[in-house]
Amino acid sequence: VDRQRLLSVVEQLCADLDYATGARKFPGTVAPDEAAGIADALHDEMEGHTAERARLAVANSVPIACGRACTGCCEELVIVSLPEALTIAHWLSRPENAERRAAFLAGYASWRAAAGDAPETIAALTVRNQDRARYAEAHVAYWRRRILCAFNLNGDCSIYPVRPLVCRDAHAVGSNERCFGDHPGSVPAVRIQYEPAMGFLRHAHMVLQAAHNAVSDEANRHEPLCAVVYRLLTNGGCDSTTPTSSAL
Ligand code: SF4
């Protein structure tokens, strides 16, 4: 996707906050690959912030406890907007990622059997941030069930280069011993309060929300990561207004 075109689309999406809230429909056109390109660019920018956050933590003698094969954060339910899901589905559709795609599709049924309909129930609580307290409670209850994200294979994220923004915001400090839901009294990891990253994330979520509302007919309806990517890859359950895998 042409970078100048993407910048222009982002500028237009940011011109009116109502596009992000869903109060007003974006009057222009955003193609699915443009929405995916916007998410991709935001992911890249977030990498710079997290790298700097990690550097500062180490410089201030605050050890980062995150490491390979630690899956604590991957047992939290990840809910995404359509642009991020499109980025992942697009990436998995490349020939070089065929094995990762096949592994995800093969493992999806187990994830769904373990999770049931809880992911959709929890995702529905995020619409317009109507009930943050109920969402937080449901999120922690789900995390305590220790259901690993279907993209996590043997401890590693199989979509690491295109993982969602929320997965890039995890940094446990000191120790990871409380990063798992079956540890007495544990709660999901608290993010390091690093203002440049937090400020960027607020902006990025607003842009993603506006792009989502422009590309989807279902404003503000975010979906569980595994479910929406599965749908995009298999085309099952896509309706006429939701981008299908043929649009990738
Ligand atoms: S997408 Fe990757 S990093 Fe995010 S929860 Fe799933 S396996 Fe973990």
# chains A, B, ... in the order shown; residues from 1 in each chain; ligands from 1
$ residues_near_ligand --ligand "ligand 1" --cutoff "6 Å" --atoms "only C-alpha atoms and all ligand atoms" --output "list in words"
Cys74, Cys149, Phe151, Asn152, Cys157, Ile159, Tyr160, Arg163 and Cys167 of chain A
$ residues_around --residues "region 200-215 of chain A" --least-positions-apart "3" --cutoff "9 Å" --atoms "only C-alpha atoms" --output "tab-separated table (two decimals) with all heavy atoms, in the first residue's frame"
chain	number	residue	atom	x	y	z
A	9	VAL	N	-5.00	8.83	4.42
A	9	VAL	CA	-6.17	8.17	5.01
A	9	VAL	C	-6.19	8.39	6.53
A	9	VAL	O	-7.23	8.72	7.11
A	9	VAL	CB	-6.17	6.65	4.69
A	9	VAL	CG1	-7.26	5.93	5.48
A	9	VAL	CG2	-6.39	6.42	3.20
A	10	VAL	N	-5.01	8.22	7.17
A	10	VAL	CA	-4.95	8.40	8.63
A	10	VAL	C	-5.32	9.84	9.00
A	10	VAL	O	-6.08	10.08	9.96
A	10	VAL	CB	-3.54	8.04	9.16
A	10	VAL	CG1	-3.39	8.48	10.61
A	10	VAL	CG2	-3.31	6.54	9.05
A	13	LEU	N	-8.99	10.14	8.79
A	13	LEU	CA	-9.67	9.41	9.87
A	13	LEU	C	-9.57	10.16	11.20
A	13	LEU	O	-10.45	10.04	12.06
A	13	LEU	CB	-9.05	8.02	10.04
A	13	LEU	CG	-9.35	7.00	8.93
A	13	LEU	CD1	-8.48	5.75	9.10
A	13	LEU	CD2	-10.83	6.60	8.95
A	14	CYS	N	-8.48	10.92	11.36
A	14	CYS	CA	-8.27	11.65	12.62
A	14	CYS	C	-8.94	13.03	12.60
A	14	CYS	O	-8.92	13.75	13.61
A	14	CYS	CB	-6.77	11.84	12.90
A	14	CYS	SG	-5.93	10.29	13.24
A	17	LEU	N	-13.28	13.13	15.60
A	17	LEU	CA	-13.29	12.08	16.63
A	17	LEU	C	-14.53	11.18	16.50
A	17	LEU	O	-14.52	10.02	16.92
A	17	LEU	CB	-13.25	12.73	18.02
A	17	LEU	CG	-12.97	11.81	19.22
A	17	LEU	CD1	-11.66	11.04	19.04
A	17	LEU	CD2	-12.96	12.60	20.51
A	18	ASP	N	-15.58	11.71	15.90
A	18	ASP	CA	-16.81	10.93	15.73
A	18	ASP	C	-16.59	9.69	14.87
A	18	ASP	O	-17.35	8.71	14.98
A	18	ASP	CB	-17.92	11.78	15.12
A	18	ASP	CG	-18.54	12.74	16.13
A	18	ASP	OD1	-18.19	12.64	17.32
A	18	ASP	OD2	-19.34	13.59	15.72
A	19	TYR	N	-15.57	9.72	14.01
A	19	TYR	CA	-15.30	8.53	13.19
A	19	TYR	C	-14.83	7.38	14.10
A	19	TYR	O	-15.11	6.22	13.85
A	19	TYR	CB	-14.22	8.80	12.14
A	19	TYR	CG	-14.57	9.90	11.17
A	19	TYR	CD1	-13.58	10.70	10.61
A	19	TYR	CD2	-15.89	10.14	10.79
A	19	TYR	CE1	-13.89	11.71	9.70
A	19	TYR	CE2	-16.21	11.15	9.89
A	19	TYR	CZ	-15.20	11.94	9.36
A	19	TYR	OH	-15.51	12.94	8.47
A	20	ALA	N	-14.08	7.73	15.14
A	20	ALA	CA	-13.59	6.70	16.07
A	20	ALA	C	-14.68	6.26	17.03
A	20	ALA	O	-14.78	5.08	17.37
A	20	ALA	CB	-12.38	7.22	16.85
A	21	THR	N	-15.50	7.18	17.48
A	21	THR	CA	-16.55	6.79	18.44
A	21	THR	C	-17.69	6.06	17.74
A	21	THR	O	-18.47	5.36	18.39
A	21	THR	CB	-17.14	8.03	19.14
A	21	THR	OG1	-17.77	8.86	18.16
A	21	THR	CG2	-16.06	8.82	19.88
A	22	GLY	N	-17.79	6.24	16.43
A	22	GLY	CA	-18.89	5.60	15.70
A	22	GLY	C	-20.11	6.50	15.60
A	22	GLY	O	-21.14	6.11	15.04
A	25	LYS	N	-20.38	8.22	10.46
A	25	LYS	CA	-19.74	7.31	9.51
A	25	LYS	C	-18.70	8.07	8.69
A	25	LYS	O	-18.98	9.16	8.18
A	25	LYS	CB	-20.81	6.70	8.58
A	25	LYS	CG	-20.28	5.69	7.58
A	25	LYS	CD	-19.94	4.36	8.24
A	25	LYS	CE	-19.40	3.37	7.21
A	25	LYS	NZ	-18.79	2.19	7.83
A	26	PHE	N	-17.51	7.49	8.56
A	26	PHE	CA	-16.47	8.09	7.74
A	26	PHE	C	-16.98	8.19	6.30
A	26	PHE	O	-17.42	7.17	5.73
A	26	PHE	CB	-15.21	7.23	7.82
A	26	PHE	CG	-14.05	7.75	7.03
A	26	PHE	CD1	-13.45	8.95	7.35
A	26	PHE	CD2	-13.55	7.02	5.94
A	26	PHE	CE1	-12.36	9.43	6.63
A	26	PHE	CE2	-12.47	7.49	5.22
A	26	PHE	CZ	-11.87	8.69	5.55
A	27	PRO	N	-16.93	9.38	5.69
A	27	PRO	CA	-17.53	9.53	4.36
A	27	PRO	C	-16.68	8.98	3.22
A	27	PRO	O	-17.17	8.78	2.11
A	27	PRO	CB	-17.69	11.05	4.22
A	27	PRO	CG	-16.64	11.62	5.12
A	27	PRO	CD	-16.43	10.64	6.22
A	28	GLY	N	-15.40	8.72	3.49
A	28	GLY	CA	-14.51	8.23	2.43
A	28	GLY	C	-14.51	6.72	2.35
A	28	GLY	O	-15.33	6.02	2.97
A	29	THR	N	-13.55	6.21	1.59
A	29	THR	CA	-13.42	4.76	1.42
A	29	THR	C	-12.07	4.31	1.99
A	29	THR	O	-11.04	4.91	1.69
A	29	THR	CB	-13.48	4.39	-0.07
A	29	THR	OG1	-14.72	4.89	-0.59
A	29	THR	CG2	-13.42	2.88	-0.26
A	30	VAL	N	-12.10	3.27	2.80
A	30	VAL	CA	-10.86	2.65	3.28
A	30	VAL	C	-10.91	1.18	2.86
A	30	VAL	O	-11.80	0.43	3.27
A	30	VAL	CB	-10.72	2.76	4.81
A	30	VAL	CG1	-9.43	2.09	5.27
A	30	VAL	CG2	-10.74	4.22	5.25
A	31	ALA	N	-9.97	0.77	2.02
A	31	ALA	CA	-9.93	-0.61	1.55
A	31	ALA	C	-9.36	-1.51	2.66
A	31	ALA	O	-8.59	-1.04	3.50
A	31	ALA	CB	-9.06	-0.72	0.30
A	32	PRO	N	-9.72	-2.80	2.68
A	32	PRO	CA	-9.19	-3.71	3.71
A	32	PRO	C	-7.66	-3.71	3.77
A	32	PRO	O	-7.08	-3.74	4.86
A	32	PRO	CB	-9.74	-5.07	3.29
A	32	PRO	CG	-11.01	-4.74	2.59
A	32	PRO	CD	-10.75	-3.47	1.84
A	34	GLU	N	-5.70	-1.30	3.04
A	34	GLU	CA	-5.27	-0.02	3.64
A	34	GLU	C	-5.45	-0.07	5.15
A	34	GLU	O	-4.59	0.41	5.90
A	34	GLU	CB	-6.07	1.13	3.03
A	34	GLU	CG	-5.73	1.38	1.57
A	34	GLU	CD	-6.63	2.40	0.90
A	34	GLU	OE1	-7.77	2.63	1.40
A	34	GLU	OE2	-6.22	2.97	-0.12
A	35	ALA	N	-6.57	-0.63	5.61
A	35	ALA	CA	-6.77	-0.77	7.06
A	35	ALA	C	-5.67	-1.64	7.66
A	35	ALA	O	-5.12	-1.33	8.73
A	35	ALA	CB	-8.14	-1.39	7.33
A	38	ILE	N	-2.43	0.33	7.87
A	38	ILE	CA	-2.43	1.27	9.01
A	38	ILE	C	-2.04	0.53	10.29
A	38	ILE	O	-1.20	1.00	11.07
A	38	ILE	CB	-3.82	1.94	9.15
A	38	ILE	CG1	-4.06	2.91	7.99
A	38	ILE	CG2	-3.94	2.66	10.48
A	38	ILE	CD1	-5.49	3.42	7.88
A	39	ALA	N	-2.64	-0.64	10.50
A	39	ALA	CA	-2.30	-1.42	11.70
A	39	ALA	C	-0.82	-1.80	11.69
A	39	ALA	O	-0.12	-1.70	12.71
A	39	ALA	CB	-3.17	-2.67	11.78
A	42	LEU	N	1.33	1.14	12.68
A	42	LEU	CA	1.22	1.41	14.12
A	42	LEU	C	2.00	0.38	14.93
A	42	LEU	O	2.64	0.70	15.93
A	42	LEU	CB	-0.26	1.42	14.54
A	42	LEU	CG	-1.08	2.59	13.98
A	42	LEU	CD1	-2.57	2.39	14.24
A	42	LEU	CD2	-0.63	3.93	14.59
A	43	HIS	N	1.96	-0.87	14.47
A	43	HIS	CA	2.74	-1.93	15.15
A	43	HIS	C	4.23	-1.58	15.12
A	43	HIS	O	4.93	-1.70	16.12
A	43	HIS	CB	2.52	-3.28	14.46
A	43	HIS	CG	1.15	-3.84	14.67
A	43	HIS	ND1	0.67	-4.92	13.96
A	43	HIS	CD2	0.15	-3.47	15.52
A	43	HIS	CE1	-0.57	-5.19	14.38
A	43	HIS	NE2	-0.90	-4.33	15.30
A	45	GLU	N	5.65	1.30	14.84
A	45	GLU	CA	5.97	2.45	15.70
A	45	GLU	C	5.97	2.04	17.17
A	45	GLU	O	6.79	2.51	17.96
A	45	GLU	CB	4.95	3.57	15.45
A	45	GLU	CG	5.47	4.92	15.91
A	45	GLU	CD	4.59	6.07	15.46
A	45	GLU	OE1	3.85	5.92	14.46
A	45	GLU	OE2	4.67	7.13	16.11
A	46	MET	N	5.06	1.15	17.52
A	46	MET	CA	5.00	0.69	18.92
A	46	MET	C	6.29	-0.04	19.31
A	46	MET	O	6.74	0.04	20.46
A	46	MET	CB	3.79	-0.24	19.10
A	46	MET	CG	3.59	-0.72	20.52
A	46	MET	SD	3.21	0.62	21.68
A	46	MET	CE	3.21	-0.26	23.24
A	49	HIS	N	8.75	2.27	20.82
A	49	HIS	CA	8.43	2.68	22.19
A	49	HIS	C	8.74	1.57	23.21
A	49	HIS	O	9.26	1.84	24.29
A	49	HIS	CB	6.96	3.07	22.28
A	49	HIS	CG	6.62	4.34	21.56
A	49	HIS	ND1	7.17	5.56	21.91
A	49	HIS	CD2	5.82	4.59	20.50
A	49	HIS	CE1	6.71	6.50	21.11
A	49	HIS	NE2	5.90	5.94	20.23
A	81	SER	N	-9.56	-5.03	16.84
A	81	SER	CA	-10.38	-4.40	15.81
A	81	SER	C	-10.05	-5.07	14.48
A	81	SER	O	-9.06	-5.80	14.35
A	81	SER	CB	-10.06	-2.90	15.75
A	81	SER	OG	-8.69	-2.73	15.48
A	82	LEU	N	-10.88	-4.79	13.47
A	82	LEU	CA	-10.71	-5.45	12.18
A	82	LEU	C	-9.36	-5.15	11.51
A	82	LEU	O	-8.75	-6.06	10.92
A	82	LEU	CB	-11.88	-5.07	11.26
A	82	LEU	CG	-12.10	-5.92	10.03
A	82	LEU	CD1	-12.15	-7.41	10.34
A	82	LEU	CD2	-13.38	-5.49	9.33
A	83	PRO	N	-8.84	-3.91	11.56
A	83	PRO	CA	-7.55	-3.67	10.90
A	83	PRO	C	-6.43	-4.59	11.40
A	83	PRO	O	-5.64	-5.12	10.61
A	83	PRO	CB	-7.24	-2.20	11.23
A	83	PRO	CG	-8.60	-1.58	11.37
A	83	PRO	CD	-9.44	-2.63	12.04
A	84	GLU	N	-6.36	-4.81	12.71
A	84	GLU	CA	-5.31	-5.69	13.23
A	84	GLU	C	-5.55	-7.14	12.78
A	84	GLU	O	-4.60	-7.86	12.45
A	84	GLU	CB	-5.26	-5.61	14.76
A	84	GLU	CG	-4.72	-4.28	15.27
A	84	GLU	CD	-4.23	-4.36	16.70
A	84	GLU	OE1	-5.08	-4.46	17.60
A	84	GLU	OE2	-3.00	-4.33	16.91
A	165	LEU	N	-1.32	-4.90	18.99
A	165	LEU	CA	-0.71	-3.87	19.84
A	165	LEU	C	-0.71	-4.30	21.31
A	165	LEU	O	0.29	-4.11	22.01
A	165	LEU	CB	-1.52	-2.57	19.73
A	165	LEU	CG	-1.16	-1.59	18.63
A	165	LEU	CD1	-2.06	-0.37	18.73
A	165	LEU	CD2	0.30	-1.17	18.71
A	166	VAL	N	-1.83	-4.86	21.76
A	166	VAL	CA	-1.92	-5.19	23.19
A	166	VAL	C	-0.85	-6.20	23.59
A	166	VAL	O	-0.35	-6.19	24.71
A	166	VAL	CB	-3.34	-5.67	23.55
A	166	VAL	CG1	-3.66	-7.01	22.90
A	166	VAL	CG2	-3.56	-5.73	25.04
A	169	ASP	N	2.51	-4.66	24.46
A	169	ASP	CA	2.55	-3.75	25.61
A	169	ASP	C	2.85	-4.49	26.91
A	169	ASP	O	2.67	-3.96	27.98
A	169	ASP	CB	1.19	-3.02	25.71
A	169	ASP	CG	1.25	-1.87	26.70
A	169	ASP	OD1	2.35	-1.29	26.86
A	169	ASP	OD2	0.22	-1.57	27.32
A	195	GLU	N	5.08	6.97	29.79
A	195	GLU	CA	4.15	7.88	29.14
A	195	GLU	C	4.26	7.92	27.61
A	195	GLU	O	3.22	7.92	26.93
A	195	GLU	CB	4.28	9.29	29.74
A	195	GLU	CG	3.31	10.32	29.17
A	195	GLU	CD	1.83	9.85	29.14
A	195	GLU	OE1	1.41	9.16	30.06
A	195	GLU	OE2	1.13	10.18	28.15
A	196	PRO	N	5.46	7.95	27.01
A	196	PRO	CA	5.50	7.98	25.54
A	196	PRO	C	4.76	6.78	24.92
A	196	PRO	O	4.04	6.94	23.93
A	196	PRO	CB	6.99	7.94	25.23
A	196	PRO	CG	7.63	8.59	26.41
A	196	PRO	CD	6.81	8.12	27.59
A	197	ALA	N	4.90	5.60	25.52
A	197	ALA	CA	4.21	4.42	24.98
A	197	ALA	C	2.72	4.52	25.25
A	197	ALA	O	1.89	4.21	24.38
A	197	ALA	CB	4.78	3.14	25.61
A	218	GLU	N	-19.99	-2.93	11.09
A	218	GLU	CA	-20.38	-3.09	12.49
A	218	GLU	C	-19.49	-2.20	13.36
A	218	GLU	O	-18.45	-2.64	13.86
A	218	GLU	CB	-20.27	-4.55	12.89
A	218	GLU	CG	-21.23	-5.41	12.09
A	218	GLU	CD	-21.23	-6.85	12.55
A	218	GLU	OE1	-21.88	-7.14	13.56
A	218	GLU	OE2	-20.54	-7.66	11.91
A	219	ALA	N	-19.90	-0.96	13.49
A	219	ALA	CA	-19.10	0.02	14.23
A	219	ALA	C	-18.84	-0.43	15.66
A	219	ALA	O	-19.74	-0.95	16.32
A	219	ALA	CB	-19.83	1.36	14.24
A	220	ASN	N	-17.61	-0.25	16.08
A	220	ASN	CA	-17.19	-0.50	17.47
A	220	ASN	C	-17.26	-1.96	17.90
A	220	ASN	O	-17.03	-2.26	19.05
A	220	ASN	CB	-18.02	0.34	18.46
A	220	ASN	CG	-17.91	1.81	18.18
A	220	ASN	OD1	-16.84	2.29	17.83
A	220	ASN	ND2	-19.01	2.53	18.30
A	221	ARG	N	-17.57	-2.85	16.97
A	221	ARG	CA	-17.66	-4.26	17.37
A	221	ARG	C	-16.32	-4.95	17.18
A	221	ARG	O	-15.96	-5.36	16.08
A	221	ARG	CB	-18.72	-4.99	16.56
A	221	ARG	CG	-18.84	-6.46	16.96
A	221	ARG	CD	-19.82	-7.21	16.10
A	221	ARG	NE	-19.68	-8.65	16.30
A	221	ARG	CZ	-19.48	-9.52	15.32
A	221	ARG	NH1	-19.41	-9.12	14.08
A	221	ARG	NH2	-19.35	-10.80	15.59
A	222	HIS	N	-15.55	-5.02	18.26
A	222	HIS	CA	-14.28	-5.73	18.20
A	222	HIS	C	-14.53	-7.19	18.54
A	222	HIS	O	-15.51	-7.53	19.18
A	222	HIS	CB	-13.28	-5.09	19.16
A	222	HIS	CG	-12.94	-3.69	18.76
A	222	HIS	ND1	-12.08	-2.90	19.46
A	222	HIS	CD2	-13.36	-2.93	17.72
A	222	HIS	CE1	-11.97	-1.72	18.88
A	222	HIS	NE2	-12.75	-1.72	17.82
A	241	THR	N	-20.94	-7.60	4.36
A	241	THR	CA	-20.36	-6.30	4.70
A	241	THR	C	-19.01	-6.43	5.38
A	241	THR	O	-18.35	-5.44	5.61
A	241	THR	CB	-21.29	-5.53	5.64
A	241	THR	OG1	-21.50	-6.32	6.81
A	241	THR	CG2	-22.62	-5.23	4.96
A	242	THR	N	-18.63	-7.63	5.72
A	242	THR	CA	-17.35	-7.82	6.40
A	242	THR	C	-16.31	-8.30	5.40
A	242	THR	O	-16.58	-9.21	4.63
A	242	THR	CB	-17.50	-8.87	7.52
A	242	THR	OG1	-18.56	-8.43	8.37
A	242	THR	CG2	-16.23	-8.98	8.33
A	243	PRO	N	-15.12	-7.69	5.39
A	243	PRO	CA	-14.10	-8.12	4.44
A	243	PRO	C	-13.84	-9.62	4.54
A	243	PRO	O	-13.77	-10.17	5.63
A	243	PRO	CB	-12.86	-7.33	4.86
A	243	PRO	CG	-13.41	-6.15	5.55
A	243	PRO	CD	-14.66	-6.60	6.24
$ residues_around --residues "His139 (chain A)" --least-positions-apart "2" --cutoff "8 Å" --atoms "only C-alpha atoms" --output "PDB file with C-alpha atoms, in the first residue's frame"
ATOM      1  CA  GLU A  76      -5.321 -13.281  28.656  1.00  0.00           C
ATOM      2  CA  LEU A  77      -8.105 -12.901  26.101  1.00  0.00           C
ATOM      3  CA  ILE A 122     -16.379 -10.671  26.967  1.00  0.00           C
ATOM      4  CA  TYR A 135     -15.278  -6.318  31.501  1.00  0.00           C
ATOM      5  CA  ALA A 136     -12.307  -6.276  33.912  1.00  0.00           C
ATOM      6  CA  GLU A 137     -13.940  -8.927  36.092  1.00  0.00           C
ATOM      7  CA  ALA A 141     -11.997 -14.770  35.289  1.00  0.00           C
ATOM      8  CA  TYR A 142     -11.137 -15.901  31.745  1.00  0.00           C
ATOM      9  CA  TRP A 143      -7.391 -15.520  32.424  1.00  0.00           C
TER      10      TRP A 143
END
$ select_by_dssp --residues "region 23-183 of chain A" --states "strand (DSSP E)" --output "PyMOL selection string"
chain A and resi 79-80+152-153+156-157
$ write_last_selection --atoms "N, CA, C and O atoms" --output "PDB file, in the first residue's frame"
ATOM      1  N   ILE A  79      -8.566  -9.111  22.354  1.00  0.00           N
ATOM      2  CA  ILE A  79      -9.693  -8.639  21.539  1.00  0.00           C
ATOM      3  C   ILE A  79      -9.157  -7.560  20.604  1.00  0.00           C
ATOM      4  O   ILE A  79      -8.424  -6.671  21.041  1.00  0.00           O
ATOM      5  N   VAL A  80      -9.493  -7.666  19.330  1.00  0.00           N
ATOM      6  CA  VAL A  80      -8.905  -6.741  18.354  1.00  0.00           C
ATOM      7  C   VAL A  80      -9.974  -6.120  17.461  1.00  0.00           C
ATOM      8  O   VAL A  80     -11.079  -6.632  17.314  1.00  0.00           O
ATOM      9  N   ASN A 152      -0.299 -19.354  20.095  1.00  0.00           N
ATOM     10  CA  ASN A 152       0.907 -19.703  20.836  1.00  0.00           C
ATOM     11  C   ASN A 152       1.229 -21.173  20.602  1.00  0.00           C
ATOM     12  O   ASN A 152       0.458 -22.067  20.960  1.00  0.00           O
ATOM     13  N   LEU A 153       2.378 -21.413  19.993  1.00  0.00           N
ATOM     14  CA  LEU A 153       2.789 -22.783  19.691  1.00  0.00           C
ATOM     15  C   LEU A 153       4.041 -23.103  20.477  1.00  0.00           C
ATOM     16  O   LEU A 153       5.077 -22.467  20.288  1.00  0.00           O
ATOM     17  N   ASP A 156       5.913 -20.166  22.021  1.00  0.00           N
ATOM     18  CA  ASP A 156       6.264 -19.016  21.175  1.00  0.00           C
ATOM     19  C   ASP A 156       5.043 -18.507  20.423  1.00  0.00           C
ATOM     20  O   ASP A 156       4.174 -19.289  20.006  1.00  0.00           O
ATOM     21  N   CYS A 157       5.010 -17.202  20.216  1.00  0.00           N
ATOM     22  CA  CYS A 157       3.942 -16.603  19.422  1.00  0.00           C
ATOM     23  C   CYS A 157       4.218 -16.888  17.940  1.00  0.00           C
ATOM     24  O   CYS A 157       5.255 -16.490  17.419  1.00  0.00           O
TER      25      CYS A 157
END
$ closest_atom_pairs --of "region 142-169 of chain A" --to "region 91-96 of chain A" --cutoff "10 Å" --atoms "only C-alpha atoms" --output "JSON lines"
{"residue": "A:Ser158", "atom": "CA", "partner": "A:Leu92", "partner_atom": "CA", "distance": 9.7}
{"residue": "A:Ile159", "atom": "CA", "partner": "A:Leu92", "partner_atom": "CA", "distance": 8.0}
{"residue": "A:Pro161", "atom": "CA", "partner": "A:Trp91", "partner_atom": "CA", "distance": 9.1}
{"residue": "A:Val162", "atom": "CA", "partner": "A:Trp91", "partner_atom": "CA", "distance": 7.5}
$ write_last_selection --atoms "all heavy atoms" --output "JSON list (two decimals), in the first residue's frame"
[["chain", "number", "residue", "atom", "x", "y", "z"],
["A", 158, "SER", "N", 3.28, -17.57, 17.28],
["A", 158, "SER", "CA", 3.50, -17.95, 15.88],
["A", 158, "SER", "C", 3.27, -16.78, 14.92],
["A", 158, "SER", "O", 3.55, -16.90, 13.72],
["A", 158, "SER", "CB", 2.59, -19.12, 15.51],
["A", 158, "SER", "OG", 1.23, -18.74, 15.62],
["A", 159, "ILE", "N", 2.73, -15.68, 15.43],
["A", 159, "ILE", "CA", 2.51, -14.50, 14.56],
["A", 159, "ILE", "C", 3.27, -13.30, 15.11],
["A", 159, "ILE", "O", 2.82, -12.16, 14.97],
["A", 159, "ILE", "CB", 1.00, -14.19, 14.43],
["A", 159, "ILE", "CG1", 0.36, -14.02, 15.82],
["A", 159, "ILE", "CG2", 0.28, -15.26, 13.63],
["A", 159, "ILE", "CD1", -1.05, -13.41, 15.77],
["A", 161, "PRO", "N", 5.73, -11.27, 14.38],
["A", 161, "PRO", "CA", 5.97, -10.01, 13.66],
["A", 161, "PRO", "C", 4.72, -9.16, 13.47],
["A", 161, "PRO", "O", 4.82, -7.96, 13.25],
["A", 161, "PRO", "CB", 6.52, -10.47, 12.30],
["A", 161, "PRO", "CG", 6.98, -11.87, 12.51],
["A", 161, "PRO", "CD", 6.08, -12.44, 13.56],
["A", 162, "VAL", "N", 3.55, -9.79, 13.54],
["A", 162, "VAL", "CA", 2.31, -9.04, 13.30],
["A", 162, "VAL", "C", 1.35, -9.11, 14.50],
["A", 162, "VAL", "O", 0.17, -8.81, 14.37],
["A", 162, "VAL", "CB", 1.58, -9.57, 12.03],
["A", 162, "VAL", "CG1", 2.31, -9.16, 10.77],
["A", 162, "VAL", "CG2", 1.38, -11.08, 12.09]]
$ select_by_dssp --residues "region 45-131 of chain A" --states "helix (DSSP H, G or I)" --output "NGL selection string"
:A and (45-59 or 73-75 or 82-92 or 95-115 or 118-124 or 127-129)
$ closest_residue --among "A:Thr71, A:Gln193, A:Ser216, A:Asn97" --to "Asn154 (chain A)" --atoms "only C-alpha atoms"
A:Thr71
$ atom_distance --atom1 "CA of Thr121 (chain A)" --atom2 "CA of Ala133 (chain A)"
14.3 Å
$ residues_around --residues "region 114-116 of chain A" --least-positions-apart "3" --cutoff "10 Å" --atoms "only C-alpha atoms" --output "PyMOL selection string"
chain A and resi 77+108-111+119-121+142+145-149
$ closest_residue --among "A:Val62, A:Ala36, A:Ala41, A:Val228" --to "Leu7 (chain A)" --atoms "only C-alpha atoms"
A:Ala41
$ residues_around --residues "Gly67 (chain A)" --least-positions-apart "3" --cutoff "12 Å" --atoms "only C-alpha atoms" --output "number ranges by chain"
A: 63-64, 70-73, 155-157, 170-173, 175-176, 179
